[in-house]
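start_4.cif (mmCIF, C-alpha atoms)
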data_run
loop_
_atom_site.group_PDB
_atom_site.id
_atom_site.type_symbol
_atom_site.label_atom_id
_atom_site.label_comp_id
_atom_site.auth_asym_id
_atom_site.auth_seq_id
_atom_site.Cartn_x
_atom_site.Cartn_y
_atom_site.Cartn_z
ATOM 1 C CA MET A 1 3.579 -15.029 19.411
ATOM 2 C CA ASN A 2 0.949 -17.660 20.233
ATOM 3 C CA ASP A 3 2.636 -21.085 19.966
ATOM 4 C CA GLN A 4 -0.688 -22.572 18.887
ATOM 5 C CA SER A 5 -0.976 -20.425 15.764
ATOM 6 C CA LEU A 6 0.078 -21.949 12.452
ATOM 7 C CA ARG A 7 1.407 -19.317 10.045
ATOM 8 C CA VAL A 8 0.768 -20.413 6.451
ATOM 9 C CA GLY A 9 2.107 -18.936 3.198
ATOM 10 C CA GLU A 10 -0.511 -18.377 0.465
ATOM 11 C CA ILE A 11 0.710 -18.063 -3.146
ATOM 12 C CA SER A 12 -1.070 -15.147 -4.824
ATOM 13 C CA PHE A 13 -1.374 -16.751 -8.275
ATOM 14 C CA THR A 14 -4.460 -18.029 -10.100
ATOM 15 C CA ASN A 15 -3.256 -21.628 -9.802
ATOM 16 C CA CYS A 16 -3.690 -21.456 -6.006
ATOM 17 C CA GLU A 17 -6.864 -19.403 -5.641
ATOM 18 C CA ASN A 18 -9.019 -22.547 -5.551
ATOM 19 C CA ILE A 19 -6.929 -24.171 -2.813
ATOM 20 C CA PHE A 20 -7.036 -21.218 -0.445
ATOM 21 C CA TYR A 21 -10.661 -20.362 -1.191
ATOM 22 C CA TYR A 22 -11.751 -23.749 0.121
ATOM 23 C CA LEU A 23 -9.274 -23.749 2.983
ATOM 24 C CA LYS A 24 -10.639 -20.433 4.236
ATOM 25 C CA ASN A 25 -14.326 -20.851 3.428
ATOM 26 C CA ARG A 26 -15.087 -24.537 3.845
ATOM 27 C CA TYR A 27 -12.349 -26.436 5.658
ATOM 28 C CA CYS A 28 -10.877 -23.773 7.908
ATOM 29 C CA PRO A 29 -9.125 -25.436 10.875
ATOM 30 C CA PRO A 30 -8.791 -23.193 13.954
ATOM 31 C CA GLY A 31 -5.537 -21.434 14.731
ATOM 32 C CA ILE A 32 -4.474 -20.702 11.137
ATOM 33 C CA SER A 33 -3.243 -17.359 9.777
ATOM 34 C CA TYR A 34 -2.313 -16.696 6.156
ATOM 35 C CA GLN A 35 0.357 -14.526 4.531
ATOM 36 C CA ARG A 36 -0.245 -13.872 0.836
ATOM 37 C CA GLY A 37 2.599 -13.273 -1.626
ATOM 38 C CA ALA A 38 4.583 -14.402 -4.669
ATOM 39 C CA PRO A 39 6.512 -17.694 -4.339
ATOM 40 C CA ALA A 40 9.903 -15.998 -3.982
ATOM 41 C CA VAL A 41 8.602 -13.816 -1.118
ATOM 42 C CA LEU A 42 7.073 -16.783 0.702
ATOM 43 C CA ASN A 43 10.261 -18.824 0.226
ATOM 44 C CA ARG A 44 12.242 -16.103 1.978
ATOM 45 C CA MET A 45 9.718 -15.771 4.815
ATOM 46 C CA LEU A 46 9.697 -19.531 5.363
ATOM 47 C CA ARG A 47 13.501 -19.671 5.404
ATOM 48 C CA ASN A 48 13.656 -16.795 7.909
ATOM 49 C CA GLY A 49 11.131 -18.364 10.281
ATOM 50 C CA GLU A 50 8.375 -15.834 9.549
ATOM 51 C CA LEU A 51 6.150 -18.695 8.328
ATOM 52 C CA ASP A 52 5.709 -22.199 9.693
ATOM 53 C CA LEU A 53 4.302 -23.797 6.553
ATOM 54 C CA SER A 54 3.927 -22.635 2.975
ATOM 55 C CA LEU A 55 2.901 -23.840 -0.430
ATOM 56 C CA SER A 56 6.302 -22.901 -1.803
ATOM 57 C CA SER A 57 8.657 -23.427 -4.714
ATOM 58 C CA SER A 58 9.820 -27.043 -4.830
ATOM 59 C CA ILE A 59 13.442 -25.902 -5.201
ATOM 60 C CA GLU A 60 13.194 -24.189 -1.793
ATOM 61 C CA TYR A 61 13.022 -27.543 -0.015
ATOM 62 C CA ALA A 62 16.245 -28.668 -1.689
ATOM 63 C CA SER A 63 17.990 -25.379 -0.871
ATOM 64 C CA GLU A 64 17.524 -25.868 2.897
ATOM 65 C CA PRO A 65 16.597 -29.553 3.361
ATOM 66 C CA GLY A 66 17.921 -29.800 6.899
ATOM 67 C CA GLN A 67 15.292 -27.468 8.299
ATOM 68 C CA TYR A 68 12.248 -28.667 6.332
ATOM 69 C CA LEU A 69 9.707 -31.461 6.000
ATOM 70 C CA VAL A 70 7.148 -31.925 3.210
ATOM 71 C CA LEU A 71 3.430 -32.492 3.804
ATOM 72 C CA PRO A 72 2.760 -35.691 1.847
ATOM 73 C CA GLY A 73 0.415 -36.113 -1.068
ATOM 74 C CA PHE A 74 -0.287 -32.512 -2.038
ATOM 75 C CA GLY A 75 1.403 -29.756 -4.028
ATOM 76 C CA ILE A 76 1.275 -28.367 -7.550
ATOM 77 C CA GLY A 77 2.489 -30.486 -10.438
ATOM 78 C CA SER A 78 2.019 -30.665 -14.183
ATOM 79 C CA LYS A 79 -0.800 -32.657 -15.730
ATOM 80 C CA GLY A 80 -1.185 -31.043 -19.165
ATOM 81 C CA GLU A 81 0.102 -28.123 -21.187
ATOM 82 C CA LEU A 82 0.436 -25.066 -18.951
ATOM 83 C CA PRO A 83 -0.145 -21.538 -20.288
ATOM 84 C CA SER A 84 1.443 -20.037 -17.163
ATOM 85 C CA ILE A 85 4.992 -21.464 -17.267
ATOM 86 C CA ARG A 86 6.374 -20.000 -20.446
ATOM 87 C CA LEU A 87 9.604 -19.280 -22.242
ATOM 88 C CA PHE A 88 8.897 -16.551 -24.832
ATOM 89 C CA SER A 89 11.603 -16.262 -27.467
ATOM 90 C CA ARG A 90 12.444 -14.229 -30.549
ATOM 91 C CA ILE A 91 14.245 -17.261 -31.990
ATOM 92 C CA PRO A 92 13.352 -20.984 -32.021
ATOM 93 C CA LEU A 93 14.463 -23.280 -29.217
ATOM 94 C CA ASP A 94 17.061 -25.063 -31.344
ATOM 95 C CA ALA A 95 18.809 -21.715 -31.949
ATOM 96 C CA LEU A 96 18.948 -20.581 -28.311
ATOM 97 C CA ASP A 97 22.431 -21.948 -27.547
ATOM 98 C CA GLY A 98 24.657 -19.032 -26.534
ATOM 99 C CA SER A 99 21.774 -16.555 -26.277
ATOM 100 C CA ARG A 100 20.729 -14.241 -23.443
ATOM 101 C CA ILE A 101 17.842 -15.537 -21.329
ATOM 102 C CA GLY A 102 15.762 -13.332 -19.039
ATOM 103 C CA LEU A 103 14.562 -14.952 -15.817
ATOM 104 C CA THR A 104 11.582 -14.036 -13.651
ATOM 105 C CA ASP A 105 12.278 -12.858 -10.120
ATOM 106 C CA GLU A 106 9.038 -14.435 -8.824
ATOM 107 C CA SER A 107 9.865 -18.161 -8.683
ATOM 108 C CA ALA A 108 13.130 -19.964 -8.028
ATOM 109 C CA THR A 109 11.747 -23.302 -9.230
ATOM 110 C CA THR A 110 10.912 -22.160 -12.764
ATOM 111 C CA VAL A 111 14.260 -20.395 -13.022
ATOM 112 C CA ALA A 112 16.024 -23.633 -12.080
ATOM 113 C CA LEU A 113 13.803 -25.626 -14.457
ATOM 114 C CA CYS A 114 14.743 -23.368 -17.364
ATOM 115 C CA ARG A 115 18.446 -23.645 -16.564
ATOM 116 C CA VAL A 116 18.247 -27.443 -16.224
ATOM 117 C CA ILE A 117 16.407 -27.809 -19.538
ATOM 118 C CA LEU A 118 18.813 -25.573 -21.440
ATOM 119 C CA GLY A 119 22.018 -26.631 -19.672
ATOM 120 C CA LYS A 120 21.583 -30.306 -18.767
ATOM 121 C CA LEU A 121 18.949 -31.625 -21.167
ATOM 122 C CA LEU A 122 19.899 -29.619 -24.265
ATOM 123 C CA GLY A 123 23.584 -28.990 -23.519
ATOM 124 C CA TYR A 124 23.369 -25.250 -24.162
ATOM 125 C CA THR A 125 25.541 -22.524 -22.670
ATOM 126 C CA ASN A 126 23.528 -19.373 -22.005
ATOM 127 C CA ASN A 127 23.845 -16.028 -20.303
ATOM 128 C CA PHE A 128 21.109 -15.528 -17.703
ATOM 129 C CA LEU A 129 19.760 -12.216 -16.469
ATOM 130 C CA THR A 130 17.083 -11.717 -13.800
ATOM 131 C CA ILE A 131 14.610 -9.099 -15.002
ATOM 132 C CA ALA A 132 11.709 -7.645 -13.036
ATOM 133 C CA SER A 133 9.791 -6.154 -15.927
ATOM 134 C CA ASN A 134 7.046 -6.844 -18.416
ATOM 135 C CA LEU A 135 7.597 -8.995 -21.476
ATOM 136 C CA GLU A 136 7.803 -6.150 -23.977
ATOM 137 C CA SER A 137 10.605 -4.302 -22.192
ATOM 138 C CA ALA A 138 12.383 -7.557 -21.310
ATOM 139 C CA MET A 139 12.591 -8.605 -24.944
ATOM 140 C CA GLU A 140 14.554 -5.422 -25.676
ATOM 141 C CA GLN A 141 17.348 -6.812 -23.461
ATOM 142 C CA VAL A 142 17.309 -10.578 -24.060
ATOM 143 C CA ASP A 143 16.584 -13.180 -26.719
ATOM 144 C CA ALA A 144 14.095 -15.091 -24.583
ATOM 145 C CA MET A 145 12.221 -14.471 -21.324
ATOM 146 C CA VAL A 146 10.728 -16.766 -18.694
ATOM 147 C CA LEU A 147 7.378 -15.734 -17.226
ATOM 148 C CA ILE A 148 5.273 -17.591 -14.670
ATOM 149 C CA GLY A 149 1.950 -17.390 -12.904
ATOM 150 C CA ASP A 150 -0.477 -14.624 -13.800
ATOM 151 C CA LYS A 151 2.154 -12.765 -15.820
ATOM 152 C CA GLY A 152 2.679 -15.890 -17.898
ATOM 153 C CA LEU A 153 -1.070 -16.389 -18.295
ATOM 154 C CA GLU A 154 -1.636 -12.800 -19.337
ATOM 155 C CA ALA A 155 1.246 -12.764 -21.808
ATOM 156 C CA ASP A 156 0.114 -16.068 -23.308
ATOM 157 C CA SER A 157 -3.346 -14.585 -23.955
ATOM 158 C CA HIS A 158 -2.099 -11.470 -25.782
ATOM 159 C CA ALA A 159 -2.141 -11.220 -29.551
ATOM 160 C CA ASP A 160 1.051 -9.145 -29.487
ATOM 161 C CA THR A 161 3.027 -12.253 -28.478
ATOM 162 C CA GLU A 162 2.076 -14.069 -31.672
ATOM 163 C CA ASP A 163 5.363 -13.030 -33.316
ATOM 164 C CA LEU A 164 7.268 -14.800 -30.501
ATOM 165 C CA PHE A 165 7.938 -18.487 -30.028
ATOM 166 C CA SER A 166 6.220 -19.734 -26.860
ATOM 167 C CA TYR A 167 7.402 -22.857 -25.036
ATOM 168 C CA ASP A 168 5.789 -24.606 -22.075
ATOM 169 C CA LEU A 169 8.721 -25.474 -19.813
ATOM 170 C CA SER A 170 6.838 -28.272 -18.066
ATOM 171 C CA MET A 171 6.065 -29.937 -21.397
ATOM 172 C CA LEU A 172 9.703 -29.616 -22.447
ATOM 173 C CA TRP A 173 10.691 -31.282 -19.174
ATOM 174 C CA GLN A 174 8.252 -34.124 -19.789
ATOM 175 C CA GLN A 175 9.362 -34.454 -23.413
ATOM 176 C CA TYR A 176 13.007 -34.969 -22.417
ATOM 177 C CA THR A 177 12.541 -36.927 -19.149
ATOM 178 C CA GLY A 178 9.211 -38.734 -19.580
ATOM 179 C CA LEU A 179 8.158 -37.518 -16.124
ATOM 180 C CA PRO A 180 5.755 -34.853 -14.831
ATOM 181 C CA PHE A 181 7.126 -31.802 -13.060
ATOM 182 C CA VAL A 182 6.504 -30.536 -9.521
ATOM 183 C CA PHE A 183 6.378 -26.763 -9.147
ATOM 184 C CA ALA A 184 5.336 -26.395 -5.525
ATOM 185 C CA LEU A 185 5.300 -28.406 -2.306
ATOM 186 C CA TRP A 186 3.704 -27.861 1.075
ATOM 187 C CA ILE A 187 6.972 -27.154 2.913
ATOM 188 C CA LEU A 188 7.063 -27.228 6.715
ATOM 189 C CA ARG A 189 9.736 -25.988 9.081
ATOM 190 C CA LYS A 190 10.943 -28.766 11.374
ATOM 191 C CA ASP A 191 10.872 -26.484 14.397
ATOM 192 C CA ALA A 192 7.166 -25.829 13.702
ATOM 193 C CA ALA A 193 6.469 -29.546 13.330
ATOM 194 C CA ALA A 194 7.909 -30.121 16.787
ATOM 195 C CA ARG A 195 5.464 -27.716 18.487
ATOM 196 C CA LEU A 196 2.413 -27.685 16.205
ATOM 197 C CA GLY A 197 1.815 -31.363 15.505
ATOM 198 C CA GLY A 198 -1.913 -31.304 16.263
ATOM 199 C CA LEU A 199 -2.599 -28.210 14.168
ATOM 200 C CA LEU A 200 -0.566 -29.623 11.302
ATOM 201 C CA THR A 201 -2.442 -32.905 11.296
ATOM 202 C CA GLY A 202 -5.735 -30.981 11.178
ATOM 203 C CA PHE A 203 -4.449 -28.818 8.341
ATOM 204 C CA TRP A 204 -3.266 -31.865 6.369
ATOM 205 C CA ARG A 205 -6.689 -33.469 6.752
ATOM 206 C CA ALA A 206 -8.337 -30.231 5.610
ATOM 207 C CA LEU A 207 -6.220 -30.375 2.454
ATOM 208 C CA GLY A 208 -7.793 -33.734 1.681
ATOM 209 C CA GLY A 209 -11.236 -32.131 1.709
ATOM 210 C CA VAL A 210 -10.051 -29.167 -0.350
ATOM 211 C CA HIS A 211 -8.682 -31.402 -3.058
ATOM 212 C CA ARG A 212 -11.922 -33.319 -3.349
ATOM 213 C CA ASP A 213 -13.744 -30.037 -4.013
ATOM 214 C CA ILE A 214 -11.270 -28.625 -6.524
ATOM 215 C CA ALA A 215 -12.726 -30.809 -9.275
ATOM 216 C CA LEU A 216 -16.062 -28.915 -9.123
ATOM 217 C CA PRO A 217 -15.301 -25.224 -8.480
ATOM 218 C CA ASP A 218 -18.002 -23.009 -6.930
ATOM 219 C CA ASP A 219 -19.476 -20.230 -9.065
ATOM 220 C CA GLU A 220 -18.589 -17.763 -6.303
ATOM 221 C CA LEU A 221 -14.933 -18.785 -6.529
ATOM 222 C CA ILE A 222 -14.914 -18.484 -10.324
ATOM 223 C CA GLU A 223 -16.507 -15.019 -10.238
ATOM 224 C CA GLN A 224 -14.084 -13.887 -7.552
ATOM 225 C CA VAL A 225 -11.057 -14.937 -9.604
ATOM 226 C CA LEU A 226 -12.339 -13.505 -12.907
ATOM 227 C CA ALA A 227 -13.119 -10.146 -11.286
ATOM 228 C CA THR A 228 -9.399 -9.393 -10.955
ATOM 229 C CA ARG A 229 -8.119 -11.182 -14.071
ATOM 230 C CA PRO A 230 -9.567 -9.675 -17.254
ATOM 231 C CA PHE A 231 -7.260 -11.789 -19.414
ATOM 232 C CA LEU A 232 -9.243 -14.915 -18.417
ATOM 233 C CA ASN A 233 -12.817 -16.067 -18.971
ATOM 234 C CA ARG A 234 -14.719 -18.914 -17.333
ATOM 235 C CA GLU A 235 -13.703 -21.453 -19.983
ATOM 236 C CA SER A 236 -10.003 -20.572 -19.966
ATOM 237 C CA LEU A 237 -9.888 -20.486 -16.150
ATOM 238 C CA LEU A 238 -11.437 -23.927 -15.761
ATOM 239 C CA ALA A 239 -9.215 -25.305 -18.536
ATOM 240 C CA TYR A 240 -6.155 -23.887 -16.765
ATOM 241 C CA TRP A 241 -7.012 -25.398 -13.382
ATOM 242 C CA ASN A 242 -7.548 -28.722 -15.135
ATOM 243 C CA THR A 243 -3.951 -28.737 -16.430
ATOM 244 C CA LEU A 244 -2.617 -28.810 -12.857
ATOM 245 C CA ALA A 245 -2.143 -31.783 -10.554
ATOM 246 C CA TYR A 246 -2.864 -30.799 -6.953
ATOM 247 C CA ARG A 247 -2.325 -34.338 -5.696
ATOM 248 C CA LEU A 248 1.189 -35.590 -6.347
ATOM 249 C CA SER A 249 1.585 -39.117 -7.725
ATOM 250 C CA PRO A 250 4.618 -41.407 -7.292
ATOM 251 C CA ARG A 251 5.694 -40.345 -10.792
ATOM 252 C CA HIS A 252 5.590 -36.696 -9.710
ATOM 253 C CA MET A 253 7.903 -37.561 -6.832
ATOM 254 C CA GLU A 254 10.189 -39.460 -9.215
ATOM 255 C CA GLY A 255 10.298 -36.365 -11.425
ATOM 256 C CA LEU A 256 11.051 -34.197 -8.389
ATOM 257 C CA ARG A 257 14.006 -36.350 -7.352
ATOM 258 C CA LEU A 258 15.374 -36.207 -10.912
ATOM 259 C CA PHE A 259 14.943 -32.414 -10.941
ATOM 260 C CA TYR A 260 16.935 -32.150 -7.724
ATOM 261 C CA ARG A 261 19.700 -34.378 -9.105
ATOM 262 C CA LEU A 262 20.001 -32.435 -12.367
ATOM 263 C CA SER A 263 19.865 -29.111 -10.502
ATOM 264 C CA ALA A 264 22.786 -30.264 -8.351
ATOM 265 C CA GLU A 265 24.723 -31.363 -11.435
ATOM 266 C CA GLU A 266 24.063 -27.942 -12.978
ATOM 267 C CA GLY A 267 25.478 -26.274 -9.843
ATOM 268 C CA LEU A 268 22.141 -24.855 -8.691
ATOM 269 C CA LEU A 269 22.089 -26.967 -5.503
ATOM 270 C CA GLU A 270 24.868 -28.206 -3.266
ATOM 271 C CA SER A 271 23.441 -31.715 -3.483
ATOM 272 C CA ALA A 272 20.229 -33.579 -4.260
ATOM 273 C CA PRO A 273 18.478 -34.178 -0.919
ATOM 274 C CA GLU A 274 16.333 -37.003 0.327
ATOM 275 C CA ILE A 275 12.698 -35.874 0.595
ATOM 276 C CA GLU A 276 11.699 -36.132 4.249
ATOM 277 C CA LEU A 277 7.937 -36.228 4.829
ATOM 278 C CA PHE A 278 5.792 -35.072 7.721
ATOM 279 C CA ASP A 279 3.791 -37.985 9.085
ATOM 280 C CA PRO A 280 0.425 -36.990 10.577
ATOM 281 C CA ALA A 281 0.862 -39.899 13.017
ATOM 282 C CA GLY A 282 3.822 -38.067 14.513
ATOM 283 C CA GLN A 283 6.884 -39.436 12.718
ATOM 284 C CA SER A 284 8.906 -38.308 9.693
ATOM 285 C CA SER A 285 9.738 -40.552 6.768
ATOM 286 C CA VAL A 286 11.671 -40.433 3.511
ATOM 287 C CA ALA A 287 9.767 -40.419 0.203
#
As structure tokens, how would this structure be written, given the file I've shared?
Amino acid sequence: MNDQSLRVGEISFTNCENIFYYLKNRYCPPGISYQRGAPAVLNRMLRNGELDLSLSSSIEYASEPGQYLVLPGFGIGSKGELPSIRLFSRIPLDALDGSRIGLTDESATTVALCRVILGKLLGYTNNFLTIASNLESAMEQVDAMVLIGDKGLEADSHADTEDLFSYDLSMLWQQYTGLPFVFALWILRKDAAARLGGLLTGFWRALGGVHRDIALPDDELIEQVLATRPFLNRESLLAYWNTLAYRLSPRHMEGLRLFYRLSAEEGLLESAPEIELFDPAGQSSVA
């Protein structure tokens, strides 16, 4: 393996297509390779050393904090109501105590968020079941089902879900905590930071350019995304991207630390970690 190659994980969901389009087509630093996949797949590859850096589930950092740093300033957080992070239910939220909840196998963060909301914020006791299936078949096994990403978007757009209750988990989090939620972070392996400092600084600077361009998406990007997602149109795609915060504010980081603390109290983490940041000047720091 070339030590001067930075291996980057690329989430294969609509919410990230804009980021990686600009990284690859406009701000492409040399020495970068990309591995595309669902968040859970990229989490595993990062943990196993098959990736150096990935836009990954925020819960992944807290699962293995000793081996990771976080690129500062960027990620994916909530800004408005999200159609892609959904709890679909046959019964209303206030009747879900004691019910069976189906969990997606694609994202550890949303699974933890659902369990924190139901267990810590609402005080419910539920039975959880991981289901790799579509919504229709899942609802034959459980009372409610969590879907994320493109599956959540597609299900939210279907008329046949109108007989189900649909809850935005990020809005529930904000309703009960007063804070925005952080779904994904740019997570870096410490061993990669030690040998790829120059490449990482260039990549971090490229992210700054990418996030300036996200506000005005190219027509080519929009057409490329819509070509493979018939459940979206131009208006709904742009509205969706506008509900996401790609720059993380201090309040996002406050919400992230609270999420880690509640996840630890719920038994989903061993402990709530400090968030150690990569410093492009060559030092690490705690957020």
Practice task
Might you pull out every residue within 6 Å of Pro180 (chain A), with all atoms listed in the file counted and same-chain residues fewer than 3 positions away left off, and present them as a list in words?
Solution key: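 Those residues are Ser78, Gln174, His252 and Gly255 of chain A.
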Selection to disk with C-alpha atoms, as a PDB file, in the frame of the given file:
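As a result, result.pdb now contains:
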ATOM      1  CA  SER A  78       2.019 -30.665 -14.183  1.00  0.00           C
ATOM      2  CA  GLN A 174       8.252 -34.124 -19.789  1.00  0.00           C
ATOM      3  CA  HIS A 252       5.590 -36.696  -9.710  1.00  0.00           C
ATOM      4  CA  GLY A 255      10.298 -36.365 -11.425  1.00  0.00           C
TER       5      GLY A 255
END
Exercise for the section: Tell me which residues the PyMOL selection byres ((chain A and resi 181-183) around 10) grabs here, as an MDAnalysis selection string. Expected result: chainID A and resid 55:59 75:79 85 107:110 113 169:174 177:180 184:185 244:246 248 251:259
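Using all atoms listed in the file, the nearest neighbour of His158 (chain A) within the list A:Leu96, A:Cys114, A:Val210, A:Leu232 is A:Leu232.
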Exercise for the section: Work out how far apart CA of Gly37 (chain A) and CA of Glu17 (chain A) are and give it in Å to one decimal. Expected result: 12.0 Å
Practice task
Between CA of Asn18 (chain A) and CA of Asn242 (chain A), measure the distance and give it in Å to one decimal.
Solution key: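 A separation of 11.5 Å between them.
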What residues come out when you apply the PyMOL selection byres ((chain A and resi 141) around 10) to this file, written as a short mmCIF file (atom, residue, chain, number, x, y, z; two decimals) with C-alpha atoms, keeping the file's coordinate frame?
data_model
loop_
_atom_site.label_atom_id
_atom_site.label_comp_id
_atom_site.auth_asym_id
_atom_site.auth_seq_id
_atom_site.Cartn_x
_atom_site.Cartn_y
_atom_site.Cartn_z
CA ARG A 100 20.73 -14.24 -23.44
CA ILE A 101 17.84 -15.54 -21.33
CA GLY A 102 15.76 -13.33 -19.04
CA LEU A 129 19.76 -12.22 -16.47
CA ILE A 131 14.61 -9.10 -15.00
CA GLU A 136 7.80 -6.15 -23.98
CA SER A 137 10.60 -4.30 -22.19
CA ALA A 138 12.38 -7.56 -21.31
CA MET A 139 12.59 -8.60 -24.94
CA GLU A 140 14.55 -5.42 -25.68
CA VAL A 142 17.31 -10.58 -24.06
CA ASP A 143 16.58 -13.18 -26.72
CA ALA A 144 14.10 -15.09 -24.58
CA MET A 145 12.22 -14.47 -21.32
#
Problem - Close residues, Ser84 (chain A) itself excluded, 10 Å, all atoms listed in the file, min 2 positions apart in chain, as a list in words - result: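 In the requested format, the answer is Phe13, Thr14, Asn15, Glu81, Leu82, Arg86, Leu87, Val146, Leu147, Ile148, Gly149, Asp150, Lys151, Gly152, Leu153, Glu154, Ala155, Asp156, Ser157, Asp168, Leu169, Ser170 and Tyr240 of chain A.
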Would you output that residue set with C-alpha atoms, as an mmCIF file, in the coordinates of the input?
data_model
loop_
_atom_site.group_PDB
_atom_site.id
_atom_site.type_symbol
_atom_site.label_atom_id
_atom_site.label_comp_id
_atom_site.auth_asym_id
_atom_site.auth_seq_id
_atom_site.Cartn_x
_atom_site.Cartn_y
_atom_site.Cartn_z
ATOM 1 C CA PHE A 13 -1.374 -16.751 -8.275
ATOM 2 C CA THR A 14 -4.460 -18.029 -10.100
ATOM 3 C CA ASN A 15 -3.256 -21.628 -9.802
ATOM 4 C CA GLU A 81 0.102 -28.123 -21.187
ATOM 5 C CA LEU A 82 0.436 -25.066 -18.951
ATOM 6 C CA ARG A 86 6.374 -20.000 -20.446
ATOM 7 C CA LEU A 87 9.604 -19.280 -22.242
ATOM 8 C CA VAL A 146 10.728 -16.766 -18.694
ATOM 9 C CA LEU A 147 7.378 -15.734 -17.226
ATOM 10 C CA ILE A 148 5.273 -17.591 -14.670
ATOM 11 C CA GLY A 149 1.950 -17.390 -12.904
ATOM 12 C CA ASP A 150 -0.477 -14.624 -13.800
ATOM 13 C CA LYS A 151 2.154 -12.765 -15.820
ATOM 14 C CA GLY A 152 2.679 -15.890 -17.898
ATOM 15 C CA LEU A 153 -1.070 -16.389 -18.295
ATOM 16 C CA GLU A 154 -1.636 -12.800 -19.337
ATOM 17 C CA ALA A 155 1.246 -12.764 -21.808
ATOM 18 C CA ASP A 156 0.114 -16.068 -23.308
ATOM 19 C CA SER A 157 -3.346 -14.585 -23.955
ATOM 20 C CA ASP A 168 5.789 -24.606 -22.075
ATOM 21 C CA LEU A 169 8.721 -25.474 -19.813
ATOM 22 C CA SER A 170 6.838 -28.272 -18.066
ATOM 23 C CA TYR A 240 -6.155 -23.887 -16.765
#
Selection in question (the file shown): the PyMOL selection byres ((chain A and resi 267) around 12). Which residues does it include, as an mmCIF file with C-alpha atoms, in the frame of the given file?
data_model
loop_
_atom_site.group_PDB
_atom_site.id
_atom_site.type_symbol
_atom_site.label_atom_id
_atom_site.label_comp_id
_atom_site.auth_asym_id
_atom_site.auth_seq_id
_atom_site.Cartn_x
_atom_site.Cartn_y
_atom_site.Cartn_z
ATOM 1 C CA SER A 63 17.990 -25.379 -0.871
ATOM 2 C CA ALA A 112 16.024 -23.633 -12.080
ATOM 3 C CA ARG A 115 18.446 -23.645 -16.564
ATOM 4 C CA VAL A 116 18.247 -27.443 -16.224
ATOM 5 C CA GLY A 119 22.018 -26.631 -19.672
ATOM 6 C CA LYS A 120 21.583 -30.306 -18.767
ATOM 7 C CA TYR A 260 16.935 -32.150 -7.724
ATOM 8 C CA ARG A 261 19.700 -34.378 -9.105
ATOM 9 C CA LEU A 262 20.001 -32.435 -12.367
ATOM 10 C CA SER A 263 19.865 -29.111 -10.502
ATOM 11 C CA ALA A 264 22.786 -30.264 -8.351
ATOM 12 C CA GLU A 265 24.723 -31.363 -11.435
ATOM 13 C CA GLU A 266 24.063 -27.942 -12.978
ATOM 14 C CA LEU A 268 22.141 -24.855 -8.691
ATOM 15 C CA LEU A 269 22.089 -26.967 -5.503
ATOM 16 C CA GLU A 270 24.868 -28.206 -3.266
ATOM 17 C CA SER A 271 23.441 -31.715 -3.483
ATOM 18 C CA ALA A 272 20.229 -33.579 -4.260
#
Practice task
Tell me which protein, DNA and RNA residues are within 10 Å of region 44-53 of chain A, counting all atoms listed in the file, leaving out same-chain ones fewer than 4 positions away, and put them as a ChimeraX atom specification.
Solution key: /A:5-10,33-35,37,39-40,60-61,63-64,67-71,186-193,196,200
